[in-house]
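S.K.: To be precise about what I am sending: the file is called run-v2.txt and holds compact mmCIF, C-alpha atoms.
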```txt
# COMPACT_ATOMS: atom_id res chain seq x y z
CA MET A 1 -5.57 -15.15 48.85
CA ASN A 2 -8.96 -15.53 47.27
CA SER A 3 -8.51 -16.86 43.74
CA ARG A 4 -12.08 -16.14 42.65
CA ILE A 5 -11.27 -12.58 41.72
CA ARG A 6 -8.30 -13.72 39.65
CA ASP A 7 -10.45 -16.35 37.92
CA TYR A 8 -13.19 -13.85 37.22
CA ILE A 9 -10.84 -11.31 35.63
CA ASN A 10 -9.06 -14.04 33.68
CA ASP A 11 -12.48 -14.98 32.29
CA LEU A 12 -13.23 -11.41 31.30
CA PHE A 13 -9.97 -11.20 29.37
CA GLN A 14 -10.84 -14.13 27.16
CA ASN A 15 -12.14 -11.67 24.56
CA ALA A 16 -9.13 -9.40 24.85
CA PRO A 17 -6.56 -9.14 22.04
CA MET A 18 -3.59 -11.45 22.70
CA THR A 19 -0.93 -8.84 23.30
CA LYS A 20 1.64 -8.08 25.95
CA LYS A 21 -0.23 -4.91 26.82
CA ALA A 22 -3.39 -6.91 27.49
CA VAL A 23 -1.48 -9.30 29.77
CA ASP A 24 0.01 -6.36 31.67
CA LEU A 25 -3.39 -4.74 31.99
CA LYS A 26 -4.91 -7.97 33.32
CA GLU A 27 -2.18 -8.29 35.92
CA GLU A 28 -2.65 -4.66 36.94
CA MET A 29 -6.41 -5.10 37.32
CA ILE A 30 -6.04 -8.28 39.35
CA VAL A 31 -3.55 -6.70 41.74
CA ASN A 32 -5.77 -3.65 42.27
CA ALA A 33 -8.94 -5.73 42.64
CA GLU A 34 -7.33 -7.99 45.22
CA GLU A 35 -6.17 -5.00 47.23
CA LYS A 36 -9.67 -3.61 47.15
CA TYR A 37 -11.06 -6.96 48.25
CA LYS A 38 -8.69 -7.01 51.24
CA ASP A 39 -9.70 -3.46 52.19
CA LEU A 40 -13.38 -4.39 52.02
CA LEU A 41 -12.83 -7.42 54.26
CA ALA A 42 -10.93 -5.23 56.71
CA GLY A 43 -13.86 -2.80 56.61
CA GLY A 44 -16.18 -5.49 57.88
CA TYR A 45 -17.61 -6.87 54.60
CA ARG A 46 -18.54 -10.51 54.44
CA GLU A 47 -16.48 -12.49 51.92
CA GLU A 48 -19.39 -12.92 49.49
CA ASP A 49 -20.33 -9.24 49.63
CA ALA A 50 -16.74 -8.15 49.13
CA ILE A 51 -16.41 -10.29 46.01
CA SER A 52 -19.64 -9.06 44.47
CA ALA A 53 -18.66 -5.44 45.24
CA VAL A 54 -15.33 -5.92 43.49
CA VAL A 55 -16.93 -7.67 40.51
CA ASN A 56 -19.62 -5.00 40.18
CA SER A 57 -17.13 -2.18 40.12
CA ILE A 58 -15.30 -3.55 37.07
CA GLY A 59 -17.89 -2.58 34.48
CA ASN A 60 -17.89 -3.20 30.72
CA LEU A 61 -14.44 -3.87 29.29
CA GLU A 62 -15.43 -3.77 25.60
CA GLU A 63 -14.21 -0.23 25.05
CA LEU A 64 -10.95 -0.95 26.83
CA PHE A 65 -10.32 -3.94 24.55
CA ARG A 66 -11.05 -1.86 21.49
CA GLU A 67 -8.50 0.67 22.68
CA LEU A 68 -5.91 -2.09 23.11
CA GLU A 69 -6.64 -3.44 19.67
CA ARG A 70 -6.28 -0.04 18.07
CA GLU A 71 -2.90 0.52 19.75
CA GLU A 72 -1.73 -2.88 18.60
CA ASN A 73 -2.79 -2.32 14.99
CA GLU A 74 -0.98 0.98 14.88
CA TYR A 75 2.13 -0.67 16.24
CA VAL A 76 2.01 -3.53 13.73
CA TYR A 77 1.56 -1.13 10.85
CA MET A 78 4.53 0.97 11.91
CA GLU A 79 6.65 -2.16 12.23
CA MET A 80 5.69 -3.30 8.72
CA GLU A 81 6.45 0.07 7.19
CA MET A 82 9.86 0.13 8.82
CA GLN A 83 10.71 -3.31 7.46
CA ILE A 84 9.81 -2.25 3.94
CA ARG A 85 11.89 0.89 4.26
CA GLN A 86 14.87 -1.12 5.45
CA LYS A 87 14.46 -3.54 2.56
CA LYS A 88 14.33 -0.65 0.10
CA ALA A 89 17.49 0.90 1.53
CA LEU A 90 19.35 -2.42 1.47
CA TYR A 91 18.46 -3.25 -2.13
CA THR A 92 19.28 0.24 -3.34
CA ALA A 93 22.66 0.13 -1.60
CA ILE A 94 23.51 -3.27 -3.09
CA ALA A 95 22.43 -2.15 -6.57
CA ILE A 96 24.61 0.95 -6.44
CA GLY A 97 27.50 -1.16 -5.18
CA ILE A 98 27.22 -3.48 -8.16
CA TYR A 99 27.05 -0.55 -10.58
CA ILE A 100 30.25 0.85 -9.15
CA PHE A 101 31.87 -2.57 -9.31
CA ALA A 102 30.86 -2.90 -12.97
CA LEU A 103 32.42 0.48 -13.73
CA VAL A 104 35.65 -0.55 -11.98
CA VAL A 105 35.80 -3.79 -13.94
CA PHE A 106 35.30 -1.91 -17.17
CA MET A 107 37.98 0.64 -16.38
CA PHE A 108 40.40 -2.08 -15.33
CA CYS A 109 39.91 -3.93 -18.61
CA CYS A 110 40.36 -0.72 -20.59
CA ALA A 111 43.61 -0.08 -18.77
CA MET A 112 44.80 -3.63 -19.56
CA SER A 113 44.16 -3.17 -23.24
CA GLU A 114 46.01 0.16 -23.18
CA ILE A 115 49.05 -1.20 -21.39
CA PHE A 116 49.46 -4.55 -23.14
CA SER A 117 49.04 -4.25 -26.84
CA TYR A 118 48.39 -7.99 -27.28
CA MET A 119 45.31 -7.50 -25.07
CA TRP A 120 43.76 -5.06 -27.52
CA PHE A 121 40.39 -6.84 -27.25
CA MET A 122 40.15 -6.42 -23.44
CA ASP A 123 38.17 -3.19 -23.56
CA MET A 124 35.42 -4.98 -25.45
CA VAL A 125 35.50 -7.93 -23.02
CA GLY A 126 35.38 -5.53 -20.05
CA PHE A 127 32.45 -3.73 -21.56
CA ILE A 128 30.47 -6.94 -21.99
CA ILE A 129 31.23 -8.06 -18.43
CA ALA A 130 30.15 -4.66 -17.10
CA LEU A 131 26.96 -4.86 -19.15
CA LEU A 132 26.11 -8.26 -17.71
CA LEU A 133 26.87 -7.04 -14.21
CA CYS A 134 24.38 -4.21 -14.68
CA ILE A 135 21.42 -6.53 -15.24
CA ALA A 136 20.94 -7.60 -11.61
CA PRO A 137 21.04 -4.13 -10.00
CA THR A 138 18.66 -2.73 -12.62
CA CYS A 139 16.16 -5.48 -11.82
CA MET A 140 16.60 -4.74 -8.13
CA LEU A 141 15.90 -1.04 -8.57
CA VAL A 142 12.77 -1.75 -10.58
CA TYR A 143 11.61 -4.16 -7.86
CA VAL A 144 12.31 -1.63 -5.11
CA SER A 145 10.28 1.03 -6.90
CA GLN A 146 7.28 -1.32 -6.87
CA LEU A 147 7.33 -1.71 -3.07
CA LEU A 148 4.88 0.16 -0.89
CA PRO A 149 5.27 3.91 -1.50
CA LYS A 150 6.26 6.21 1.35
CA GLU A 151 3.01 8.12 1.52
CA SER A 152 0.90 5.01 2.14
CA ARG A 153 0.29 5.94 5.75
CA GLN A 154 -1.39 9.24 5.06
CA LYS A 155 -3.30 7.68 2.22
CA GLU A 156 -5.01 5.24 4.53
CA ARG A 157 -6.66 8.10 6.40
CA ARG A 158 -8.19 9.64 3.31
CA THR A 159 -11.56 8.78 1.85
CA GLU A 160 -11.73 5.66 -0.23
CA GLY A 161 -12.60 7.19 -3.58
CA TYR A 162 -9.78 9.64 -3.42
CA GLN A 163 -7.45 6.95 -2.19
CA GLU A 164 -8.15 4.76 -5.20
CA TRP A 165 -7.69 7.61 -7.61
CA ASN A 166 -4.51 8.71 -5.90
CA GLU A 167 -3.11 5.21 -5.73
CA ARG A 168 -3.61 4.64 -9.42
CA GLY A 169 -1.88 7.96 -10.11
CA THR A 170 1.05 7.06 -7.89
CA ARG A 171 1.46 3.61 -9.36
CA SER A 172 1.45 4.98 -12.88
CA LYS A 173 4.05 7.55 -11.83
CA GLU A 174 6.24 4.88 -10.23
CA LEU A 175 6.05 2.74 -13.35
CA ARG A 176 6.94 5.67 -15.56
CA LYS A 177 9.92 6.48 -13.40
CA SER A 178 11.28 2.94 -13.54
CA ILE A 179 10.75 2.65 -17.28
CA SER A 180 12.53 5.93 -17.74
CA SER A 181 15.56 4.91 -15.70
CA VAL A 182 15.87 1.57 -17.47
CA LEU A 183 15.47 3.29 -20.84
CA TRP A 184 18.33 5.74 -20.28
CA LEU A 185 20.60 3.07 -18.89
CA LEU A 186 19.97 0.85 -21.91
CA THR A 187 20.56 3.79 -24.22
CA LEU A 188 23.93 4.45 -22.62
CA ILE A 189 24.91 0.79 -22.88
CA ILE A 190 23.90 0.55 -26.54
CA TYR A 191 25.67 3.81 -27.30
CA PHE A 192 28.98 2.61 -25.91
CA PHE A 193 28.53 -0.85 -27.38
CA PHE A 194 28.09 0.40 -30.91
CA SER A 195 30.59 3.19 -30.59
CA PHE A 196 33.37 0.91 -29.39
CA GLY A 197 32.31 -1.80 -31.79
CA THR A 198 32.10 0.25 -34.95
CA GLY A 199 34.18 3.27 -34.01
CA ALA A 200 31.52 5.39 -35.68
CA TRP A 201 31.43 7.97 -32.86
CA HIS A 202 30.36 10.69 -35.26
CA ILE A 203 26.96 9.10 -35.85
CA THR A 204 26.14 6.89 -32.82
CA TRP A 205 25.01 9.85 -30.65
CA ILE A 206 21.77 9.76 -32.62
CA ILE A 207 20.62 7.06 -30.21
CA PHE A 208 20.10 9.70 -27.51
CA LEU A 209 17.59 11.49 -29.72
CA ILE A 210 15.81 8.20 -30.30
CA ALA A 211 15.72 7.58 -26.53
CA ALA A 212 14.18 11.01 -25.96
CA CYS A 213 11.48 10.11 -28.49
CA VAL A 214 10.80 6.82 -26.73
CA GLU A 215 10.49 8.56 -23.41
CA SER A 216 7.92 10.98 -24.80
CA ILE A 217 5.92 7.99 -26.02
CA VAL A 218 6.12 6.43 -22.56
CA HIS A 219 4.76 9.66 -21.08
CA ILE A 220 1.82 9.48 -23.47
CA ILE A 221 1.08 5.86 -22.52
CA PHE A 222 1.37 6.52 -18.75
CA PRO A 223 -0.07 10.01 -18.23
CA LYS A 224 0.59 11.92 -14.99
CA ASN A 225 -3.01 11.70 -13.76
CA LYS A 226 -5.42 9.17 -15.10
CA MET B 1 -26.67 9.97 40.90
CA SER B 2 -26.52 8.27 37.50
CA ILE B 3 -26.88 11.58 35.66
CA THR B 4 -24.14 13.09 37.80
CA SER B 5 -21.98 10.07 36.91
CA ASP B 6 -22.52 10.74 33.22
CA LEU B 7 -21.51 14.37 33.66
CA LEU B 8 -18.44 13.36 35.62
CA ARG B 9 -17.40 10.65 33.20
CA GLY B 10 -16.51 13.26 30.61
CA HIS B 11 -13.90 14.56 33.03
CA THR B 12 -12.36 11.25 34.06
CA GLU B 13 -9.02 12.04 32.43
CA THR B 14 -8.86 15.48 34.07
CA ILE B 15 -9.68 13.97 37.47
CA ILE B 16 -6.91 11.38 37.06
CA LEU B 17 -4.39 14.05 36.07
CA ALA B 18 -5.42 16.05 39.14
CA SER B 19 -4.84 13.12 41.48
CA LEU B 20 -1.40 12.45 39.93
CA TRP B 21 -0.41 16.11 40.28
CA GLU B 22 1.23 15.80 43.70
CA GLN B 23 2.61 12.26 43.56
CA ASP B 24 2.69 9.05 41.54
CA SER B 25 -0.10 6.61 42.22
CA TYR B 26 -1.75 3.38 41.03
CA GLY B 27 -5.25 2.48 39.91
CA TYR B 28 -6.85 1.41 43.16
CA GLU B 29 -5.30 4.23 45.17
CA ILE B 30 -6.56 6.83 42.69
CA ASN B 31 -10.06 5.40 42.91
CA LYS B 32 -9.87 5.31 46.71
CA GLU B 33 -8.88 8.95 46.77
CA ILE B 34 -11.79 9.88 44.50
CA MET B 35 -14.12 8.00 46.86
CA ARG B 36 -12.67 9.76 49.89
CA LYS B 37 -12.87 13.22 48.36
CA THR B 38 -16.49 12.72 47.26
CA ASP B 39 -17.54 11.25 50.64
CA ASN B 40 -18.06 7.79 49.14
CA THR B 41 -20.60 9.01 46.57
CA TYR B 42 -18.55 8.64 43.39
CA GLU B 43 -16.43 5.73 42.30
CA LEU B 44 -14.99 5.13 38.85
CA LYS B 45 -15.73 1.82 37.17
CA GLU B 46 -12.47 -0.05 36.65
CA ALA B 47 -13.17 -0.22 32.91
CA THR B 48 -13.48 3.57 32.75
CA LEU B 49 -10.36 4.08 34.83
CA TYR B 50 -8.10 1.84 32.74
CA THR B 51 -9.45 3.15 29.44
CA ALA B 52 -8.58 6.64 30.63
CA PHE B 53 -5.08 5.46 31.59
CA ARG B 54 -4.57 4.06 28.08
CA ARG B 55 -5.71 7.26 26.42
CA LEU B 56 -3.60 9.47 28.67
CA GLU B 57 -0.58 7.28 28.05
CA GLN B 58 -1.12 7.35 24.28
CA ALA B 59 -1.37 11.14 24.42
CA GLY B 60 1.90 11.33 26.38
CA CYS B 61 0.21 12.86 29.44
CA ILE B 62 1.26 10.09 31.84
CA LYS B 63 4.03 7.50 32.11
CA THR B 64 3.79 4.08 33.71
CA TYR B 65 6.19 1.83 35.59
CA TRP B 66 5.99 -1.29 37.75
CA GLY B 67 6.55 -0.73 41.46
CA ASN B 68 9.19 -2.69 43.36
CA GLU B 69 7.10 -3.96 46.25
CA THR B 70 8.97 -6.66 48.11
CA VAL B 71 5.86 -8.22 49.63
CA GLY B 72 2.85 -9.24 47.57
CA ALA B 73 2.10 -8.45 43.95
CA ARG B 74 3.71 -5.60 42.05
CA ARG B 75 1.61 -2.52 41.49
CA ARG B 76 1.61 -0.53 38.32
CA TYR B 77 2.27 3.13 39.03
CA TYR B 78 1.53 6.15 36.91
CA SER B 79 3.23 9.53 36.92
CA ILE B 80 2.24 12.75 35.23
CA THR B 81 4.53 14.16 32.51
CA SER B 82 5.20 17.83 31.83
CA SER B 83 2.90 17.73 28.80
CA GLY B 84 0.32 16.10 31.08
CA ARG B 85 0.57 19.09 33.42
CA GLU B 86 0.17 21.40 30.44
CA SER B 87 -2.88 19.43 29.31
CA TYR B 88 -4.36 19.56 32.82
CA ARG B 89 -4.12 23.36 32.91
CA THR B 90 -5.96 23.62 29.59
CA ARG B 91 -8.66 21.18 30.72
CA LYS B 92 -9.11 23.05 33.99
CA ALA B 93 -9.44 26.38 32.18
CA ASP B 94 -12.00 24.83 29.81
CA TRP B 95 -13.97 23.53 32.75
CA GLU B 96 -13.97 26.93 34.52
CA GLU B 97 -15.26 28.47 31.32
CA ALA B 98 -18.03 25.88 30.95
CA LYS B 99 -19.00 26.22 34.61
CA ARG B 100 -19.28 30.00 34.27
CA MET B 101 -21.49 29.66 31.21
CA ILE B 102 -23.79 27.06 32.72
CA ASP B 103 -24.13 29.13 35.88
CA LYS B 104 -25.23 32.06 33.74
CA LEU B 105 -27.70 29.99 31.73
CA LEU B 106 -29.38 28.14 34.59
CA ILE B 107 -31.56 30.06 37.00
```
Write out the structure in this file as structure tokens.

M.R.:
Amino acid sequence: MNSRIRDYINDLFQNAPMTKKAVDLKEEMIVNAEEKYKDLLAGGYREEDAISAVVNSIGNLEELFRELEREENEYVYMEMEMQIRQKKALYTAIAIGIYIFALVVFMFCCAMSEIFSYMWFMDMVGFIIALLLCIAPTCMLVYVSQLLPKESRQKERRTEGYQEWNERGTRSKELRKSISSVLWLLTLIIYFFFSFGTGAWHITWIIFLIAACVESIVHIIFPKNK
Amino acid sequence: MSITSDLLRGHTETIILASLWEQDSYGYEINKEIMRKTDNTYELKEATLYTAFRRLEQAGCIKTYWGNETVGARRRYYSITSSGRESYRTRKADWEEAKRMIDKLLI
């Protein structure tokens, strides 16, 4: 078999994107070109003429390469987005698991202090352990909320000015959401801490009013649309 | 001939769908058939042909698979999908419409 056709097409593909699709396409073109070359020889062409006829019929591959590149980029982007989504799901699941575990620990310690009177301090100990356990998942949730937002794909297609404006809006919204969730969690922790500690249940609920105030302030600092 | 080629190039994808209508085929065979049907006056450039394959595949109009030839190199076959058939009907209707209009406009 004449290897000049193969060499020629290999040369042409030097500018092609390095993807599996490009390799497949090259193989496909070589096979078809060689078959055409054989047909031309059988039709009475001289070897030289057959080769130049095959080479001439290939044409400009630039557009084809661009098409390949575009397909590849789309594929890579989809892959990346999927990875981020998986990461988000994993971290959220772990965080919720730890929260539940913290609650179980707390309840267990409370039960201990109820059952054994000499362990009267266990509810306090359990509470502190649960509090410490809550730190890691809270950090994880805040981190997850900072990852690429879901709508990023559509955003890319929009005009740049709008995109920037929209992105800033979304980021501010994300930040506000995470601050809000941390705020209410902290409020709950402080409420139980002081209530169990002091036993002043009749007054400690005030902290929820304070938290509501703080959240309003947060909303002023991070407005819905900048 | 070059102007005719330009006019035809806009219909490359439709022509490919038409030649896949009856049976699966591969690049060279499709081009050979086009040559035969046009009495050796029209031949697609390979670059045009494979670009059209990519686009049709992306649009879900055709599917591709490697043949299982026992002798020689393996060919890459294409087959038309049901949405490809649907797309062909629309393209054909569009062409009939355009042809009617141009026939009316040109004396």

S.K.: Skipping near chain neighbours, those fewer than 3 positions away, what residues fall within 10 Å of Thr64 in chain B using only C-alpha atoms, listed as an MDAnalysis selection string?

M.R.: chainID B and resid 24:26 53 57 67 76:80

S.K.: Take the residues that were just selected and, keeping C-alpha atoms, output them as a compact mmCIF listing (two decimals), in the frame of the given file.

M.R.:
```txt
# COMPACT_ATOMS: atom_id res chain seq x y z
CA ASP B 24 2.69 9.05 41.54
CA SER B 25 -0.10 6.61 42.22
CA TYR B 26 -1.75 3.38 41.03
CA PHE B 53 -5.08 5.46 31.59
CA GLU B 57 -0.58 7.28 28.05
CA GLY B 67 6.55 -0.73 41.46
CA ARG B 76 1.61 -0.53 38.32
CA TYR B 77 2.27 3.13 39.03
CA TYR B 78 1.53 6.15 36.91
CA SER B 79 3.23 9.53 36.92
CA ILE B 80 2.24 12.75 35.23
```

S.K.: May I have the residues at most 10 Å from (-10.4, 1.5, 32.1) in the file's coordinates, counting only C-alpha atoms, as a ChimeraX atom specification?

M.R.: /A:25,29,58-65,67 /B:27,44-55

S.K.: For chain A against chain B, which residues fall within 12 Å using all atoms listed in the file, given as a PyMOL selection string?

M.R.: chain A and resi 1+9+12-13+21-22+24-40+53-72+74-75

S.K.: May I have the residues from that selection written out with C-alpha atoms, as a JSON list (two decimals), in the coordinates of the input?

M.R.:
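Printed below is result_35.json as written:
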```json
[["chain", "number", "residue", "atom", "x", "y", "z"],
["A", 1, "MET", "CA", -5.57, -15.15, 48.85],
["A", 9, "ILE", "CA", -10.84, -11.31, 35.63],
["A", 12, "LEU", "CA", -13.23, -11.41, 31.30],
["A", 13, "PHE", "CA", -9.97, -11.20, 29.37],
["A", 21, "LYS", "CA", -0.23, -4.91, 26.82],
["A", 22, "ALA", "CA", -3.39, -6.91, 27.49],
["A", 24, "ASP", "CA", 0.01, -6.36, 31.67],
["A", 25, "LEU", "CA", -3.39, -4.74, 31.99],
["A", 26, "LYS", "CA", -4.91, -7.97, 33.32],
["A", 27, "GLU", "CA", -2.18, -8.29, 35.92],
["A", 28, "GLU", "CA", -2.65, -4.66, 36.94],
["A", 29, "MET", "CA", -6.41, -5.10, 37.32],
["A", 30, "ILE", "CA", -6.04, -8.28, 39.35],
["A", 31, "VAL", "CA", -3.55, -6.70, 41.74],
["A", 32, "ASN", "CA", -5.77, -3.65, 42.27],
["A", 33, "ALA", "CA", -8.94, -5.73, 42.64],
["A", 34, "GLU", "CA", -7.33, -7.99, 45.22],
["A", 35, "GLU", "CA", -6.17, -5.00, 47.23],
["A", 36, "LYS", "CA", -9.67, -3.61, 47.15],
["A", 37, "TYR", "CA", -11.06, -6.96, 48.25],
["A", 38, "LYS", "CA", -8.69, -7.01, 51.24],
["A", 39, "ASP", "CA", -9.70, -3.46, 52.19],
["A", 40, "LEU", "CA", -13.38, -4.39, 52.02],
["A", 53, "ALA", "CA", -18.66, -5.44, 45.24],
["A", 54, "VAL", "CA", -15.33, -5.92, 43.49],
["A", 55, "VAL", "CA", -16.93, -7.67, 40.51],
["A", 56, "ASN", "CA", -19.62, -5.00, 40.18],
["A", 57, "SER", "CA", -17.13, -2.18, 40.12],
["A", 58, "ILE", "CA", -15.30, -3.55, 37.07],
["A", 59, "GLY", "CA", -17.89, -2.58, 34.48],
["A", 60, "ASN", "CA", -17.89, -3.20, 30.72],
["A", 61, "LEU", "CA", -14.44, -3.87, 29.29],
["A", 62, "GLU", "CA", -15.43, -3.77, 25.60],
["A", 63, "GLU", "CA", -14.21, -0.23, 25.05],
["A", 64, "LEU", "CA", -10.95, -0.95, 26.83],
["A", 65, "PHE", "CA", -10.32, -3.94, 24.55],
["A", 66, "ARG", "CA", -11.05, -1.86, 21.49],
["A", 67, "GLU", "CA", -8.50, 0.67, 22.68],
["A", 68, "LEU", "CA", -5.91, -2.09, 23.11],
["A", 69, "GLU", "CA", -6.64, -3.44, 19.67],
["A", 70, "ARG", "CA", -6.28, -0.04, 18.07],
["A", 71, "GLU", "CA", -2.90, 0.52, 19.75],
["A", 72, "GLU", "CA", -1.73, -2.88, 18.60],
["A", 74, "GLU", "CA", -0.98, 0.98, 14.88],
["A", 75, "TYR", "CA", 2.13, -0.67, 16.24]]
```

S.K.: So, with all atoms listed in the file as the atoms that count, which of B:Lys63, B:Arg100, B:Arg91, B:Arg36 lies closest to Glu13 in chain B?

M.R.: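 Of B:Lys63, B:Arg100, B:Arg91, B:Arg36, the one nearest Glu13 in chain B is B:Arg91, counting all atoms listed in the file.
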
S.K.: Please, what distance in Å, to one decimal, runs between CA of Ser3 in chain A and CA of Asn40 in chain B?

M.R.: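 CA of Ser3 in chain A sits 27.0 Å away from CA of Asn40 in chain B.
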
S.K.: Can you work out which one of B:Ile34, B:Ala18, B:Ile62, B:Leu8 has the shortest atom-to-atom distance to Ser82 in chain B, counting all atoms listed in the file?

M.R.: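 Ranked by minimum distance to Ser82 in chain B, first place goes to B:Ile62.
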
S.K.: Record the distance separating CA of Asp103 in chain B and CA of Thr4 in chain B, expressed in Å with one decimal.

M.R.: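 Between CA of Asp103 in chain B and CA of Thr4 in chain B the gap works out to 16.2 Å.
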
S.K.: I'd like the contact shell of Gly84 in chain B - 9 Å cut-off, only C-alpha atoms, skipping same-chain residues fewer than 4 positions apart - returned as a list in words.

M.R.: Leu17, Leu56, Ala59, Gly60, Cys61, Ile62, Ile80, Tyr88 and Arg89 of chain B

S.K.: Given only C-alpha atoms as the basis, pick out the residue of A:Ile115, A:Met140, A:Met82, A:Ile51 nearest to Ile94 in chain A.

M.R.: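 The answer is A:Met140, which sits nearest to Ile94 in chain A.
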